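Student: Structure file data_2.pdb, PDB, C-alpha atoms, is pasted below:
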ATOM      1  CA  MET A   1      94.479 176.541  93.774
ATOM      2  CA  SER A   2      93.559 175.474  90.320
ATOM      3  CA  HIS A   3      90.195 173.905  89.580
ATOM      4  CA  CYS A   4      91.917 170.657  88.559
ATOM      5  CA  ILE A   5      93.640 170.265  91.935
ATOM      6  CA  MET A   6      90.461 171.174  93.848
ATOM      7  CA  ARG A   7      88.527 168.630  91.820
ATOM      8  CA  LYS A   8      91.083 165.890  92.551
ATOM      9  CA  ILE A   9      90.965 166.685  96.277
ATOM     10  CA  LEU A  10      87.166 166.626  96.242
ATOM     11  CA  ILE A  11      87.131 163.255  94.430
ATOM     12  CA  LEU A  12      89.686 161.859  96.861
ATOM     13  CA  LEU A  13      87.676 163.023  99.890
ATOM     14  CA  SER A  14      84.451 161.635  98.409
ATOM     15  CA  SER A  15      86.093 158.260  97.823
ATOM     16  CA  PHE A  16      87.401 158.240 101.379
ATOM     17  CA  ILE A  17      83.936 158.994 102.795
ATOM     18  CA  VAL A  18      82.396 156.197 100.706
ATOM     19  CA  LEU A  19      85.016 153.728 101.984
ATOM     20  CA  LEU A  20      84.400 154.781 105.586
ATOM     21  CA  SER A  21      80.652 154.402 105.124
ATOM     22  CA  ALA A  22      81.043 150.904 103.661
ATOM     23  CA  ALA A  23      83.313 149.870 106.535
ATOM     24  CA  ALA A  24      80.875 151.214 109.113
ATOM     25  CA  PHE A  25      77.957 149.184 107.743
ATOM     26  CA  SER A  26      79.681 145.884 107.062
ATOM     27  CA  ALA A  27      78.847 143.038 109.400
ATOM     28  CA  PRO A  28      81.635 141.740 111.653
ATOM     29  CA  TYR A  29      83.351 138.523 110.646
ATOM     30  CA  PHE A  30      82.905 135.634 113.047
ATOM     31  CA  VAL A  31      85.570 132.936 113.252
ATOM     32  CA  ASN A  32      84.440 129.586 111.799
ATOM     33  CA  PRO A  33      85.708 126.022 112.193
ATOM     34  CA  GLY A  34      88.248 125.420 109.421
ATOM     35  CA  ASP A  35      89.575 128.997 109.431
ATOM     36  CA  ILE A  36      93.287 129.545 109.897
ATOM     37  CA  LEU A  37      94.159 132.293 112.367
ATOM     38  CA  ALA A  38      97.473 134.109 112.695
ATOM     39  CA  VAL A  39      98.056 134.777 116.392
ATOM     40  CA  ASN A  40     100.745 137.442 116.861
ATOM     41  CA  ILE A  41     101.908 138.332 120.349
ATOM     42  CA  TRP A  42     104.119 141.387 120.517
ATOM     43  CA  ASN A  43     107.651 140.591 121.751
ATOM     44  CA  GLU A  44     106.758 136.910 122.201
ATOM     45  CA  ASP A  45     107.889 135.242 118.977
ATOM     46  CA  LEU A  46     107.836 131.781 120.531
ATOM     47  CA  LEU A  47     104.130 132.136 121.313
ATOM     48  CA  SER A  48     103.096 133.657 117.967
ATOM     49  CA  ARG A  49     101.827 131.156 115.398
ATOM     50  CA  GLU A  50      99.093 130.100 113.003
ATOM     51  CA  ALA A  51      96.238 128.110 114.479
ATOM     52  CA  LEU A  52      93.609 126.008 112.735
ATOM     53  CA  VAL A  53      90.132 126.371 114.215
ATOM     54  CA  ARG A  54      88.984 122.839 114.970
ATOM     55  CA  PRO A  55      85.447 121.588 114.205
ATOM     56  CA  ASP A  56      84.530 122.178 117.864
ATOM     57  CA  GLY A  57      85.496 125.875 117.538
ATOM     58  CA  PHE A  58      88.651 125.677 119.671
ATOM     59  CA  ILE A  59      92.284 126.521 118.938
ATOM     60  CA  SER A  60      95.272 125.290 120.939
ATOM     61  CA  LEU A  61      98.076 127.612 122.008
ATOM     62  CA  PRO A  62     101.203 127.079 124.116
ATOM     63  CA  MET A  63     101.017 128.051 127.789
ATOM     64  CA  ILE A  64      97.268 128.708 127.773
ATOM     65  CA  GLY A  65      95.947 125.593 126.056
ATOM     66  CA  GLU A  66      92.435 125.665 124.602
ATOM     67  CA  ILE A  67      90.699 128.867 123.474
ATOM     68  CA  ASP A  68      87.043 128.804 122.393
ATOM     69  CA  THR A  69      86.459 130.924 119.274
ATOM     70  CA  THR A  70      82.770 130.023 118.872
ATOM     71  CA  ASN A  71      80.655 133.074 117.922
ATOM     72  CA  SER A  72      83.707 135.340 118.316
ATOM     73  CA  THR A  73      85.245 137.989 116.090
ATOM     74  CA  PRO A  74      89.046 138.012 115.640
ATOM     75  CA  LEU A  75      89.203 141.014 118.016
ATOM     76  CA  GLU A  76      87.306 139.089 120.700
ATOM     77  CA  VAL A  77      89.680 136.124 120.264
ATOM     78  CA  SER A  78      92.626 138.556 120.656
ATOM     79  CA  ASP A  79      91.181 139.838 123.926
ATOM     80  CA  THR A  80      90.581 136.300 125.237
ATOM     81  CA  ILE A  81      94.150 135.268 124.438
ATOM     82  CA  ALA A  82      95.609 138.441 126.005
ATOM     83  CA  GLN A  83      93.590 137.863 129.176
ATOM     84  CA  ALA A  84      94.682 134.215 129.400
ATOM     85  CA  LEU A  85      98.360 135.116 128.813
ATOM     86  CA  SER A  86      98.287 137.880 131.421
ATOM     87  CA  GLU A  87      98.400 135.148 134.083
ATOM     88  CA  TYR A  88     101.884 134.157 132.825
ATOM     89  CA  ILE A  89     103.296 137.428 131.476
ATOM     90  CA  LYS A  90     104.001 140.440 133.730
ATOM     91  CA  ASP A  91     102.296 143.081 131.571
ATOM     92  CA  THR A  92      99.123 142.365 129.623
ATOM     93  CA  PRO A  93     100.436 141.291 126.210
ATOM     94  CA  GLN A  94      99.474 142.938 122.939
ATOM     95  CA  VAL A  95      97.759 140.245 120.862
ATOM     96  CA  VAL A  96      96.570 140.564 117.293
ATOM     97  CA  VAL A  97      94.528 137.781 115.701
ATOM     98  CA  SER A  98      93.967 137.950 111.963
ATOM     99  CA  VAL A  99      92.209 135.516 109.673
ATOM    100  CA  GLN A 100      94.698 134.039 107.202
ATOM    101  CA  ASN A 101      92.275 131.711 105.452
ATOM    102  CA  VAL A 102      88.475 131.731 105.570
ATOM    103  CA  ALA A 103      88.194 128.069 104.609
ATOM    104  CA  GLY A 104      85.537 127.599 107.278
ATOM    105  CA  ASN A 105      83.205 130.241 105.823
ATOM    106  CA  LYS A 106      81.133 127.944 103.609
ATOM    107  CA  ILE A 107      77.620 127.599 102.329
ATOM    108  CA  TYR A 108      76.051 124.605 100.642
ATOM    109  CA  VAL A 109      73.629 124.564  97.720
ATOM    110  CA  MET A 110      71.896 121.297  96.902
ATOM    111  CA  GLY A 111      69.027 119.976  94.858
ATOM    112  CA  LYS A 112      67.860 121.088  91.445
ATOM    113  CA  VAL A 113      70.586 123.569  90.572
ATOM    114  CA  ASN A 114      73.122 123.243  87.778
ATOM    115  CA  ARG A 115      76.201 122.942  90.056
ATOM    116  CA  PRO A 116      75.262 121.746  93.553
ATOM    117  CA  GLY A 117      78.038 121.780  96.109
ATOM    118  CA  GLU A 118      80.004 123.502  98.818
ATOM    119  CA  TYR A 119      81.034 127.123  98.229
ATOM    120  CA  ASN A 120      83.577 129.201 100.153
ATOM    121  CA  ILE A 121      82.327 132.739 100.590
ATOM    122  CA  THR A 122      84.533 135.734 101.303
ATOM    123  CA  SER A 123      81.861 138.427 101.582
ATOM    124  CA  ASP A 124      78.198 138.787 102.459
ATOM    125  CA  THR A 125      76.292 136.423 100.139
ATOM    126  CA  ASP A 126      72.523 136.412  99.788
ATOM    127  CA  ILE A 127      70.300 133.604  98.500
ATOM    128  CA  ILE A 128      70.184 134.868  94.900
ATOM    129  CA  GLN A 129      73.987 135.113  94.840
ATOM    130  CA  ALA A 130      74.279 131.571  96.227
ATOM    131  CA  LEU A 131      71.971 130.290  93.489
ATOM    132  CA  ALA A 132      74.097 132.122  90.912
ATOM    133  CA  LEU A 133      77.246 130.450  92.331
ATOM    134  CA  ALA A 134      75.484 127.117  91.819
ATOM    135  CA  GLY A 135      74.782 127.917  88.166
ATOM    136  CA  GLY A 136      71.119 128.826  88.695
ATOM    137  CA  LEU A 137      68.030 126.672  88.954
ATOM    138  CA  ASN A 138      67.566 123.808  86.531
ATOM    139  CA  THR A 139      64.335 123.423  84.557
ATOM    140  CA  PHE A 140      62.795 121.015  87.086
ATOM    141  CA  ALA A 141      63.335 123.192  90.186
ATOM    142  CA  ALA A 142      60.360 124.145  92.347
ATOM    143  CA  GLU A 143      61.382 127.802  92.539
ATOM    144  CA  ASN A 144      58.824 128.752  95.195
ATOM    145  CA  ASP A 145      59.675 125.909  97.583
ATOM    146  CA  ILE A 146      63.341 126.724  98.277
ATOM    147  CA  LEU A 147      64.468 126.345 101.892
ATOM    148  CA  ILE A 148      67.444 127.644 103.804
ATOM    149  CA  LEU A 149      68.490 125.321 106.620
ATOM    150  CA  ARG A 150      70.354 127.099 109.402
ATOM    151  CA  ARG A 151      71.841 125.704 112.598
ATOM    152  CA  GLU A 152      71.422 128.147 115.481
ATOM    153  CA  ALA A 153      74.025 128.686 118.222
ATOM    154  CA  ASP A 154      72.099 126.380 120.570
ATOM    155  CA  GLY A 155      72.257 123.540 118.021
ATOM    156  CA  THR A 156      68.649 123.698 116.841
ATOM    157  CA  GLN A 157      68.030 123.813 113.124
ATOM    158  CA  VAL A 158      65.590 126.252 111.566
ATOM    159  CA  SER A 159      64.068 126.236 108.099
ATOM    160  CA  ILE A 160      63.631 129.547 106.275
ATOM    161  CA  PRO A 161      61.349 129.471 103.202
ATOM    162  CA  PHE A 162      62.320 131.420 100.070
ATOM    163  CA  GLU A 163      60.168 132.109  97.036
ATOM    164  CA  TYR A 164      62.495 132.728  94.104
ATOM    165  CA  ALA A 165      59.723 133.825  91.726
ATOM    166  CA  THR A 166      58.691 136.809  93.841
ATOM    167  CA  VAL A 167      62.254 138.079  94.248
ATOM    168  CA  LYS A 168      62.932 137.446  90.550
ATOM    169  CA  ASN A 169      59.965 139.750  89.792
ATOM    170  CA  GLY A 170      61.335 142.470  92.085
ATOM    171  CA  GLU A 171      58.890 141.800  94.915
ATOM    172  CA  GLU A 172      59.520 140.768  98.522
ATOM    173  CA  MET A 173      63.194 141.754  98.270
ATOM    174  CA  HIS A 174      63.504 141.580 102.081
ATOM    175  CA  THR A 175      63.268 137.767 101.810
ATOM    176  CA  ASN A 176      66.585 137.643  99.908
ATOM    177  CA  ILE A 177      68.491 137.366 103.191
ATOM    178  CA  VAL A 178      72.243 137.234 103.662
ATOM    179  CA  LEU A 179      73.332 133.667 104.336
ATOM    180  CA  HIS A 180      75.341 132.655 107.392
ATOM    181  CA  SER A 181      78.336 130.366 107.334
ATOM    182  CA  ARG A 182      77.274 126.702 107.069
ATOM    183  CA  ASP A 183      73.771 127.543 105.776
ATOM    184  CA  ILE A 184      72.304 125.005 103.357
ATOM    185  CA  VAL A 185      70.173 126.145 100.419
ATOM    186  CA  VAL A 186      67.830 123.325  99.372
ATOM    187  CA  VAL A 187      66.177 123.563  95.953
ATOM    188  CA  PRO A 188      63.538 120.798  95.519
TER     189      PRO A 188
END
Written as structure tokens, how would this file's structure read?
Tutor:
Amino acid sequence: MSHCIMRKILILLSSFIVLLSAAAFSAPYFVNPGDILAVNIWNEDLLSREALVRPDGFISLPMIGEIDTTNSTPLEVSDTIAQALSEYIKDTPQVVVSVQNVAGNKIYVMGKVNRPGEYNITSDTDIIQALALAGGLNTFAAENDILILRREADGTQVSIPFEYATVKNGEEMHTNIVLHSRDIVVVP
């Protein structure tokens, strides 16, 4: 083989390994209220459909009724639907749930930033990235008093402090955490 072909194969294999590594380390996506799910049931066209995840975390499907998607990945929702349908269908059905719209995956940035508001996020977003989405801090911001407000699964709310100045100077990088859906970044 020529060196050119060997080089192309090596580059292709390297790219493939990098993609596999990135996929292995990415966090799973959890279904959020406001997301639109495509529920496809093999050989059951009448049961396949899109479903909006309600604010309470449930979707409604024919025959089985309410399905709770709270703290579930699309694969876990698929398994729950297949199990519920197996009571009505002879063989356990093949169910695939895919996220059609991540409208429920939102963060909020408020306070002394240039563009406060609600932001849809489609990938892991840390605090610095959220502040960049909001146009950065304004001149009156208390950069070392930033808080992240997070609602836990049990309904309690926690407050996570963030000191922008230390991260800006390349220190305490571990405090630049990845935000969760529905987190609120408060800049006093």
Student: Can you work out which one of A:Gln129, A:Ser123, A:Asn101, A:Gln83 has the shortest atom-to-atom distance to A:Ala51, counting only C-alpha atoms?
Tutor: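 Counting only C-alpha atoms, the residue closest to A:Ala51 is A:Asn101.
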Student: Grab the atom CA of A:Asp124 to atom CA of A:Val178 distance for me, in Å with one decimal place.
Tutor: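 Computed distance, atom CA of A:Asp124 to atom CA of A:Val178, equals 6.3 Å.
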Student: For A:Leu149, which of A:Asp183, A:Glu171, A:Ala165, A:Leu137 is the closest residue, counting only C-alpha atoms?
Tutor: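 Nearest candidate to A:Leu149 out of A:Asp183, A:Glu171, A:Ala165, A:Leu137: A:Asp183.
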Student: Just want the 9 Å neighbourhood of A:Pro55, counted on all atoms listed in the file, with same-chain residues fewer than 5 positions away dropped. Output as a list in words.
Tutor: Asn32, Pro33 and Gly34 of chain A
Student: Which residues, named as in the file, does the PyMOL selection byres ((chain A and resi 113) around 7) pick out? Answer as a PyMOL selection string.
Tutor: chain A and resi 110-112+114-116+134-138+187
Student: I need the chosen residues saved as a short mmCIF file (atom, residue, chain, number, x, y, z; two decimals), in the frame of the given file, with C-alpha atoms.
Tutor:
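Listed below is the output, selection.cif:
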data_model
loop_
_atom_site.label_atom_id
_atom_site.label_comp_id
_atom_site.auth_asym_id
_atom_site.auth_seq_id
_atom_site.Cartn_x
_atom_site.Cartn_y
_atom_site.Cartn_z
CA MET A 110 71.90 121.30 96.90
CA GLY A 111 69.03 119.98 94.86
CA LYS A 112 67.86 121.09 91.44
CA ASN A 114 73.12 123.24 87.78
CA ARG A 115 76.20 122.94 90.06
CA PRO A 116 75.26 121.75 93.55
CA ALA A 134 75.48 127.12 91.82
CA GLY A 135 74.78 127.92 88.17
CA GLY A 136 71.12 128.83 88.70
CA LEU A 137 68.03 126.67 88.95
CA ASN A 138 67.57 123.81 86.53
CA VAL A 187 66.18 123.56 95.95
#
Student: Atom CA of A:Ile81 and atom CA of A:Tyr29, how far apart in Å?
Tutor: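 Those two atoms sit 17.8 Å apart.
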Student: Please provide the set of residues having any atom within 7 Å of A:Ile36, restricted to all atoms listed in the file, with same-chain residues fewer than 3 positions apart removed, written as a count of residues only.
Tutor: 8
Student: So the first atom is atom CA of A:Leu131 and the second is atom CA of A:Gly117; what is the distance between them in Å, to one decimal place?
Tutor: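 Separation between atom CA of A:Leu131 and atom CA of A:Gly117: 10.8 Å.
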Student: Looking at all atoms listed in the file, which of A:Leu147, A:Val186, A:Ile41, A:Val31 is the one that sits closest to A:Arg54?
Tutor: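 Among the listed residues, the smallest separation from A:Arg54 belongs to A:Val31.
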Student: As a JSON list (two decimals) with C-alpha atoms, in the coordinates of the input, please: the residues near A:Pro188 (cut-off 8 Å, only C-alpha atoms, same-chain neighbours under 3 positions excluded).
Tutor:
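Dumped everything to selection36.json:
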[["chain", "number", "residue", "atom", "x", "y", "z"],
["A", 111, "GLY", "CA", 69.03, 119.98, 94.86],
["A", 112, "LYS", "CA", 67.86, 121.09, 91.44],
["A", 141, "ALA", "CA", 63.34, 123.19, 90.19],
["A", 142, "ALA", "CA", 60.36, 124.14, 92.35],
["A", 143, "GLU", "CA", 61.38, 127.80, 92.54],
["A", 145, "ASP", "CA", 59.68, 125.91, 97.58],
["A", 146, "ILE", "CA", 63.34, 126.72, 98.28]]
Student: Applied to this file, what does the PyMOL selection byres ((chain A and resi 82) around 7) return in terms of residues, put as a list in words?
Tutor: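 Selection result, ordered by chain and number: Ser78, Asp79, Thr80, Ile81, Gln83, Ala84, Leu85, Ser86, Thr92, Pro93, Gln94 and Val95 of chain A.
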Student: If you count only C-alpha atoms, which residues fall within 9 Å of A:Leu75, apart from same-chain ones fewer than 6 positions away, as number ranges by chain?
Tutor: A: 96-98
Student: Using all atoms listed in the file, find each residue in stretch 150-181 of chain A having at least one atom no more than 12 Å away from stretch 56-71 of chain A; report its shortest atom-to-atom pair and that distance in Å (one decimal), rows by chain then rising number, as JSON lines.
Tutor:
{"residue": "A:Glu152", "atom": "CA", "partner": "A:Asn71", "partner_atom": "CA", "distance": 10.7}
{"residue": "A:Ala153", "atom": "CA", "partner": "A:Asn71", "partner_atom": "CA", "distance": 8.0}
{"residue": "A:Asp154", "atom": "CA", "partner": "A:Asn71", "partner_atom": "CA", "distance": 11.2}
{"residue": "A:His180", "atom": "CA", "partner": "A:Asn71", "partner_atom": "CA", "distance": 11.8}
{"residue": "A:Ser181", "atom": "CA", "partner": "A:Asn71", "partner_atom": "CA", "distance": 11.2}
Student: Return the single residue from A:Glu87, A:Glu163, A:Arg182, A:Leu133 that is closest to A:Arg150, with distances computed using only C-alpha atoms.
Tutor: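 Nearest to A:Arg150: A:Arg182.
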